[in-house]
Amino acid sequence: MVAKYDDASWHYGRDFPKLLPKRAASTHIGMFVAWCLLNGHASDRAVADLGDAIHLLSKRTRAMTPGRFLIRMMDEKFLGSDLTDEGNAFTHAYYEGDDDSLPYIDDYTDAAGPRVTNPYRVPDTWASYDRVAPRITARYEQWVAAGRPEFLT
């Protein structure tokens, strides 16, 4: 299992737009983590650690945006220990990708709309999540139907 899939701090120095607040580096991570937590891929440890906080993401509540949840509740980090075995296998295939492609980031940016060319510029809103989540769901279903391959392309 991967110790850490992503950490917002990893993104601050690369092609991160200088005029954006650092919290914008958490949005793409938070969207994927929220989908995992809301779709049954949270590990027992994550459920125990996060407790009732997961309900802040529920469709009924939506009391905290995905990026803010990642910042406040998960210290900006997306860990392998946050997920079930199935969640880790899917994350490896889709979120991490292989050396030649990052299908999640491609889907994430595409779902944000034609004007968004930089994934850090996607707003941390539930409207953004509602555009991204169906793509993640479709990729998960594709991955399952394909026999859970090591990588999605």
# chains A, B, ... in the order shown; residues from 1 in each chain; ligands from 1
call {"tool": "select_by_dssp", "arguments": {"residues": "chain A", "states": "strand (DSSP E)", "output": "PyMOL selection string"}}
result
chain A and resi 4-7+77-79
call {"tool": "residues_around", "arguments": {"residues": "Ala53 (chain A)", "least_positions_apart": "6", "cutoff": "9 Å", "atoms": "only C-alpha atoms", "output": "count of residues only"}}
result
3
call {"tool": "closest_residue", "arguments": {"among": "A:Ile54, A:Leu102, A:Thr61, A:Arg121", "to": "Phe16 (chain A)", "atoms": "only C-alpha atoms"}}
result
A:Arg121
call {"tool": "residues_around", "arguments": {"residues": "Trp126 (chain A)", "least_positions_apart": "3", "cutoff": "7 Å", "atoms": "only C-alpha atoms", "output": "PyMOL selection string"}}
result
chain A and resi 65+129-130
call {"tool": "write_last_selection", "arguments": {"atoms": "N, CA and C atoms", "output": "PDB file, in the first residue's frame"}}
result
ATOM      1  N   THR A  65     -16.683  22.134   2.017  1.00  0.00           N
ATOM      2  CA  THR A  65     -16.285  21.747   0.667  1.00  0.00           C
ATOM      3  C   THR A  65     -15.184  20.692   0.725  1.00  0.00           C
ATOM      4  N   TYR A 129     -17.606  19.743  -7.587  1.00  0.00           N
ATOM      5  CA  TYR A 129     -17.678  18.331  -7.208  1.00  0.00           C
ATOM      6  C   TYR A 129     -18.760  17.613  -8.019  1.00  0.00           C
ATOM      7  N   ASP A 130     -19.906  18.264  -8.203  1.00  0.00           N
ATOM      8  CA  ASP A 130     -21.013  17.639  -8.943  1.00  0.00           C
ATOM      9  C   ASP A 130     -20.680  17.420 -10.412  1.00  0.00           C
TER      10      ASP A 130
END
call {"tool": "atom_distance", "arguments": {"atom1": "CA of Arg68 (chain A)", "atom2": "CA of Pro21 (chain A)"}}
result
12.4 Å
call {"tool": "closest_residue", "arguments": {"among": "A:Ala25, A:Ile136, A:Leu57, A:Ala8", "to": "Asn118 (chain A)", "atoms": "only C-alpha atoms"}}
result
A:Ala25
call {"tool": "residues_around", "arguments": {"residues": "region 78-80 of chain A", "least_positions_apart": "4", "cutoff": "12 Å", "atoms": "only C-alpha atoms", "output": "PyMOL selection string"}}
result
chain A and resi 1-10+26-34+36-37+41-43+45-46+67+69-71+73-74+84-92+95-96
call {"tool": "residues_around", "arguments": {"residues": "Ala127 (chain A)", "least_positions_apart": "5", "cutoff": "12 Å", "atoms": "only C-alpha atoms", "output": "PyMOL selection string"}}
result
chain A and resi 31+59+62+65-66+111-113+122+132-134
call {"tool": "closest_residue", "arguments": {"among": "A:Leu56, A:Met64, A:Leu19, A:Leu83", "to": "Gly40 (chain A)", "atoms": "only C-alpha atoms"}}
result
A:Leu83
call {"tool": "residues_around", "arguments": {"residues": "Pro103 (chain A)", "least_positions_apart": "3", "cutoff": "8 Å", "atoms": "only C-alpha atoms", "output": "list in words"}}
result
Tyr94, Tyr95, Gly97, Asp106, Asp107, Leu152 and Thr153 of chain A
